[in-house]
$ cat upload_24.txt   # compact mmCIF, C-alpha atoms
# COMPACT_ATOMS: atom_id res chain seq x y z
CA MET I 1 12.80 48.03 17.80
CA LYS I 2 14.96 50.17 20.02
CA THR I 3 18.53 51.31 20.57
CA GLY I 4 20.23 50.45 23.85
CA THR I 5 23.48 51.84 25.25
CA TYR I 6 25.32 49.87 27.92
CA LYS I 7 27.87 51.62 30.14
CA LEU I 8 29.80 50.89 33.30
CA ASN I 9 27.49 51.28 36.29
CA SER I 10 27.36 50.45 39.99
CA ARG I 11 24.15 48.40 40.06
CA SER I 12 26.01 45.17 40.83
CA ILE I 13 27.81 46.83 43.75
CA PHE I 14 24.61 48.31 45.20
CA ARG I 15 22.88 44.95 44.84
CA LEU I 16 25.77 43.30 46.66
CA LEU I 17 25.68 45.89 49.46
CA ARG I 18 21.91 45.53 49.83
CA THR I 19 22.16 41.76 50.11
CA ASN I 20 24.92 42.08 52.71
CA LEU I 21 22.87 44.47 54.80
CA ILE I 22 19.90 42.10 54.73
CA ILE I 23 22.07 39.13 55.74
CA LEU I 24 23.79 41.09 58.51
CA PHE I 25 20.42 42.22 59.86
CA LEU I 26 19.17 38.63 59.91
CA LEU I 27 22.35 37.53 61.68
CA PHE I 28 21.86 40.29 64.25
CA VAL I 29 18.28 39.16 64.89
CA PHE I 30 19.35 35.51 65.12
CA ASN I 31 22.13 36.39 67.56
CA TYR I 32 19.87 38.61 69.66
CA PHE I 33 17.17 35.98 70.11
CA PHE I 34 19.13 32.71 70.02
CA LEU I 35 22.94 32.88 70.22
CA LYS I 36 23.08 35.86 72.59
CA ILE I 37 26.74 36.63 71.92
CA TYR I 38 27.60 40.12 73.17
CA ASN I 39 31.41 40.07 73.13
CA PRO I 40 32.37 42.74 70.52
CA ASN I 41 35.61 40.94 69.59
CA VAL I 42 33.77 37.72 68.83
CA ILE I 43 31.14 39.61 66.85
CA LEU I 44 33.82 41.37 64.76
CA ILE I 45 35.58 38.07 64.06
CA VAL I 46 32.31 36.46 62.97
CA ILE I 47 31.40 39.42 60.75
CA GLY I 48 34.91 39.42 59.24
CA GLN I 49 34.75 35.71 58.45
CA PHE I 50 31.27 36.12 57.03
CA PHE I 51 32.41 38.99 54.82
CA ILE I 52 35.40 37.08 53.42
CA LEU I 53 33.62 33.77 52.82
CA PHE I 54 30.33 35.21 51.65
CA ASN I 55 31.65 38.04 49.47
CA GLY I 56 35.00 36.67 48.30
CA PRO I 57 33.84 35.28 44.94
CA ALA I 58 31.64 38.31 44.23
CA ILE I 59 34.47 40.76 44.97
CA TYR I 60 36.80 38.74 42.76
CA LEU I 61 34.28 38.94 39.90
CA LEU I 62 33.80 42.67 40.40
CA ILE I 63 37.56 43.25 40.13
CA ASN I 64 37.87 40.84 37.19
CA TYR I 65 35.01 42.49 35.31
CA TYR I 66 36.10 46.05 36.12
CA ARG I 67 39.62 45.43 34.80
CA ASN I 68 38.15 44.27 31.50
CA ASN I 69 35.35 46.82 31.13
CA LYS I 70 36.52 49.99 32.88
CA LYS I 71 36.87 51.75 29.51
CA THR I 72 34.19 49.89 27.61
CA GLU I 73 30.67 50.64 26.45
CA PHE I 74 28.52 49.36 23.65
CA THR I 75 25.39 50.37 21.80
CA ILE I 76 22.99 48.05 20.01
CA ALA I 77 20.74 49.56 17.35
CA GLU I 78 18.18 46.82 16.86
CA ASN I 79 16.38 48.67 14.07
CA SER I 80 19.54 48.70 11.91
CA ASN I 81 20.96 45.43 13.27
CA LYS I 82 24.20 47.18 14.29
CA ILE I 83 26.40 47.06 17.37
CA SER I 84 28.96 49.74 18.21
CA ILE I 85 31.66 48.86 20.76
CA THR I 86 34.06 51.33 22.37
CA GLU I 87 37.22 50.15 24.16
CA ASN I 88 39.96 52.48 25.41
CA GLY I 89 38.54 55.35 23.37
CA ILE I 90 38.44 53.39 20.10
CA THR I 91 35.00 52.76 18.60
CA LYS I 92 34.20 50.05 16.09
CA GLU I 93 30.88 49.31 14.45
CA TYR I 94 29.72 45.87 13.35
CA SER I 95 26.69 44.25 11.84
CA LEU I 96 25.07 41.68 14.11
CA ASN I 97 25.02 39.44 11.04
CA ASP I 98 28.83 39.37 11.23
CA VAL I 99 28.85 37.74 14.68
CA LYS I 100 30.74 34.43 14.55
CA TYR I 101 30.19 33.33 18.14
CA SER I 102 27.80 34.76 20.73
CA ILE I 103 28.15 33.05 24.10
CA TYR I 104 26.64 34.03 27.43
CA ASN I 105 28.74 32.92 30.41
CA LEU I 106 26.60 32.44 33.51
CA GLY I 107 26.78 30.92 36.97
CA LYS I 108 25.84 27.26 37.53
CA TYR I 109 22.53 28.29 39.09
CA TRP I 110 21.09 29.16 35.68
CA GLN I 111 21.86 25.66 34.40
CA ASN I 112 18.75 24.59 36.30
CA ALA I 113 16.84 25.63 33.17
CA ILE I 114 18.51 22.76 31.30
CA ASP I 115 18.80 19.82 33.66
CA LYS I 116 15.95 20.80 36.01
CA ASN I 117 18.16 20.51 39.08
CA TYR I 118 17.60 22.62 42.18
CA ARG I 119 20.83 24.56 42.60
CA ILE I 120 20.60 27.30 45.21
CA PRO I 121 21.35 30.84 43.97
CA THR I 122 24.41 32.55 45.41
CA ILE I 123 25.24 36.19 46.02
CA PHE I 124 27.03 36.22 42.65
CA SER I 125 24.47 34.22 40.63
CA ASP I 126 23.59 37.21 38.45
CA PHE I 127 27.19 37.93 37.50
CA GLY I 128 28.22 36.94 33.98
CA TYR I 129 29.62 38.13 30.68
CA TRP I 130 29.02 38.05 26.95
CA ASP I 131 31.82 36.44 24.94
CA LEU I 132 31.33 38.01 21.52
CA THR I 133 33.49 37.13 18.49
CA PHE I 134 33.12 38.57 14.99
CA GLU I 135 34.03 37.06 11.64
CA ASN I 136 37.12 39.29 11.37
CA GLY I 137 38.51 37.83 14.61
CA ASP I 138 37.66 40.74 16.94
CA ARG I 139 36.64 39.37 20.35
CA TYR I 140 35.01 41.20 23.25
CA TYR I 141 34.06 40.35 26.83
CA LEU I 142 31.06 42.46 27.86
CA THR I 143 30.16 41.95 31.50
CA THR I 144 27.19 42.62 33.74
CA LEU I 145 29.02 45.67 35.08
CA LEU I 146 27.86 47.31 31.87
CA GLN I 147 24.27 46.13 32.09
CA ASP I 148 22.16 43.17 33.17
CA PHE I 149 21.68 42.27 29.52
CA LEU I 150 22.36 38.61 30.28
CA LEU I 151 19.04 38.44 32.08
CA GLU I 152 17.16 39.81 29.10
CA GLU I 153 16.32 38.40 25.68
CA ASP I 154 19.33 37.32 23.60
CA LYS I 155 20.81 40.20 21.62
CA VAL I 156 22.07 37.88 18.87
CA LYS I 157 20.34 34.90 17.30
CA GLU I 158 21.78 31.46 18.06
CA THR I 159 23.46 32.68 21.24
CA LYS I 160 24.84 29.76 23.26
CA TYR I 161 25.69 29.36 26.93
CA ARG I 162 28.49 28.26 29.24
CA PHE I 163 28.04 27.65 32.96
CA ARG I 164 30.63 27.81 35.73
CA LEU I 165 30.42 28.08 39.49
CA ILE I 166 32.30 31.39 39.37
CA PRO I 167 31.98 32.92 35.87
CA TYR I 168 35.28 34.81 35.75
CA ILE I 169 36.48 35.98 32.33
CA ASP I 170 38.48 33.17 30.75
CA LYS I 171 40.07 34.45 27.54
CA SER I 172 41.50 31.03 26.77
CA GLU I 173 38.05 29.44 26.68
CA THR I 174 37.40 27.74 23.33
CA GLU I 175 34.29 25.69 24.11
CA LYS I 176 31.47 27.13 22.04
CA GLY I 177 28.80 26.52 24.63
CA ILE I 178 25.45 24.81 24.48
CA GLU I 179 22.04 25.83 23.24
CA LEU I 180 19.59 27.09 25.80
CA LYS I 181 16.26 28.28 24.41
CA PRO I 182 13.94 29.23 25.85
CA ILE I 183 15.17 30.19 29.31
CA GLU I 184 13.17 31.92 32.01
CA TYR I 185 15.24 34.40 33.99
CA LYS I 186 12.70 36.73 35.49
CA PRO I 187 11.46 35.91 38.98
CA ILE I 188 7.79 35.11 39.53
CA SER I 189 5.84 38.30 40.07
CA ARG I 190 3.78 38.98 43.18
CA THR I 191 0.59 38.77 41.11
CA GLU I 192 1.50 35.30 39.82
CA LYS I 193 2.26 34.14 43.36
CA LEU I 194 -1.10 35.47 44.53
CA LYS I 195 -2.89 33.66 41.70
CA ASP I 196 -1.28 30.36 42.67
CA SER I 197 -2.22 30.96 46.29
CA TYR I 198 -5.78 32.13 45.68
CA LYS I 199 -6.63 29.21 43.38
CA GLY I 200 -6.82 27.08 46.51
CA LYS I 201 -9.32 29.37 48.23
CA THR I 202 -13.02 28.64 48.29
CA ILE I 203 -15.65 30.90 46.74
CA GLU I 204 -16.67 32.02 50.23
CA GLU I 205 -13.10 32.98 51.11
CA LEU I 206 -12.73 34.97 47.90
CA LYS I 207 -16.01 36.77 48.55
CA TYR I 208 -14.80 37.64 52.04
CA ILE I 209 -11.72 39.34 50.54
CA LEU I 210 -13.87 41.39 48.17
CA GLU I 211 -16.25 42.36 50.97
CA ASN I 212 -13.35 43.58 53.11
CA LYS I 213 -11.24 45.40 50.53
CA SER I 214 -9.77 47.81 53.08
CA GLU I 215 -7.88 44.92 54.69
CA TYR I 216 -6.13 43.84 51.48
CA GLN I 217 -3.78 45.34 48.94
CA LYS I 218 -4.96 46.32 45.47
CA GLU I 219 -3.21 43.37 43.79
CA ALA I 220 -4.90 40.90 46.13
CA ILE I 221 -8.34 42.35 45.35
CA ILE I 222 -7.77 42.19 41.57
CA VAL I 223 -6.56 38.59 41.77
CA ALA I 224 -9.45 37.62 44.05
CA GLU I 225 -11.94 39.05 41.53
CA GLN I 226 -10.32 37.11 38.67
CA ILE I 227 -10.19 33.79 40.52
CA LEU I 228 -13.75 34.21 41.81
CA LYS I 229 -14.98 34.88 38.29
CA GLU I 230 -13.21 31.76 37.01
CA LYS I 231 -14.56 29.59 39.83
CA THR I 232 -18.10 30.96 39.45
CA LEU I 233 -18.04 30.45 35.68
CA GLY I 234 -16.62 26.96 36.12
CA ASN I 235 -19.37 25.99 38.55
CA THR I 236 -22.02 27.39 36.18
CA VAL I 237 -20.70 25.38 33.23
CA TYR I 238 -20.38 22.26 35.36
CA ASN I 239 -23.94 22.55 36.64
$ encode --input "upload_24.txt" --output "structure tokens"
Amino acid sequence: MKTGTYKLNSRSIFRLLRTNLIILFLLFVFNYFFLKIYNPNVILIVIGQFFILFNGPAIYLLINYYRNNKKTEFTIAENSNKISITENGITKEYSLNDVKYSIYNLGKYWQNAIDKNYRIPTIFSDFGYWDLTFENGDRYYLTTLLQDFLLEEDKVKETKYRFRLIPYIDKSETEKGIELKPIEYKPISRTEKLKDSYKGKTIEELKYILENKSEYQKEAIIVAEQILKEKTLGNTVYN
């Protein structure tokens, strides 16, 4: 088991900027081919409105989280079952066995794992915070500005979850959350997508891919070999 240190970082900001650039590029392409609006004043107004409406909640969360975690970091030593939390230059160490409440606060999108709905992810879907209370009454709010630990395995057993459209830090929150185990956070890998796609191909199509390896990426060739082997073996057993 390992030790992990979580400090203030700019990953959330870079992710937000990257998403904005992608959206702006798509808007530019859409305008160039379909809307054909070339008035710079109109374009600036549209971009301004887009920025405010699209980024408003995310910017609010960034400010809210930064105000709470600008002088915070924590270290979890899983081998010794300890957590060390530093706030405003003061460090305290606790045993993870002394945690009274461990609650992950996430956006509504992640509630899909419970009720199997099809909520669409937003630009701030991955924002959230860990509401951590110890038996002695000490309470901390550790946000995703420190690390994307909310999208990893629970750090404390019996961690529960709250869901809100905009998961701002609510220090008056008393609801203890709901159980949510297991939950799948990680997106489907390219290899898994290829497997799902290639399962529908015929043996001849798979052989074509393997005979023309220069036209395909390495992952595609590996997956094609696996699926072909499964299909060939299946046909042999069936016959």
$ closest_residue --input "upload_24.txt" --among "I:Phe14, I:Tyr6, I:Tyr38, I:Tyr161" --to "Tyr104 of chain I" --atoms "all atoms listed in the file"
I:Tyr161
$ atom_distance --input "upload_24.txt" --atom1 "atom CA of Glu78 of chain I" --atom2 "atom CA of Asp98 of chain I"
14.2 Å
$ residues_around --input "upload_24.txt" --residues "Val223 of chain I" --least-positions-apart "3" --cutoff "7 Å" --atoms "only C-alpha atoms" --output "VMD selection string"
chain I and resid 194 to 195 219 to 220 226 to 227
$ atom_distance --input "upload_24.txt" --atom1 "atom CA of Val42 of chain I" --atom2 "atom CA of Arg18 of chain I"
23.7 Å
$ atom_distance --input "upload_24.txt" --atom1 "atom CA of Asn112 of chain I" --atom2 "atom CA of Asn69 of chain I"
28.2 Å
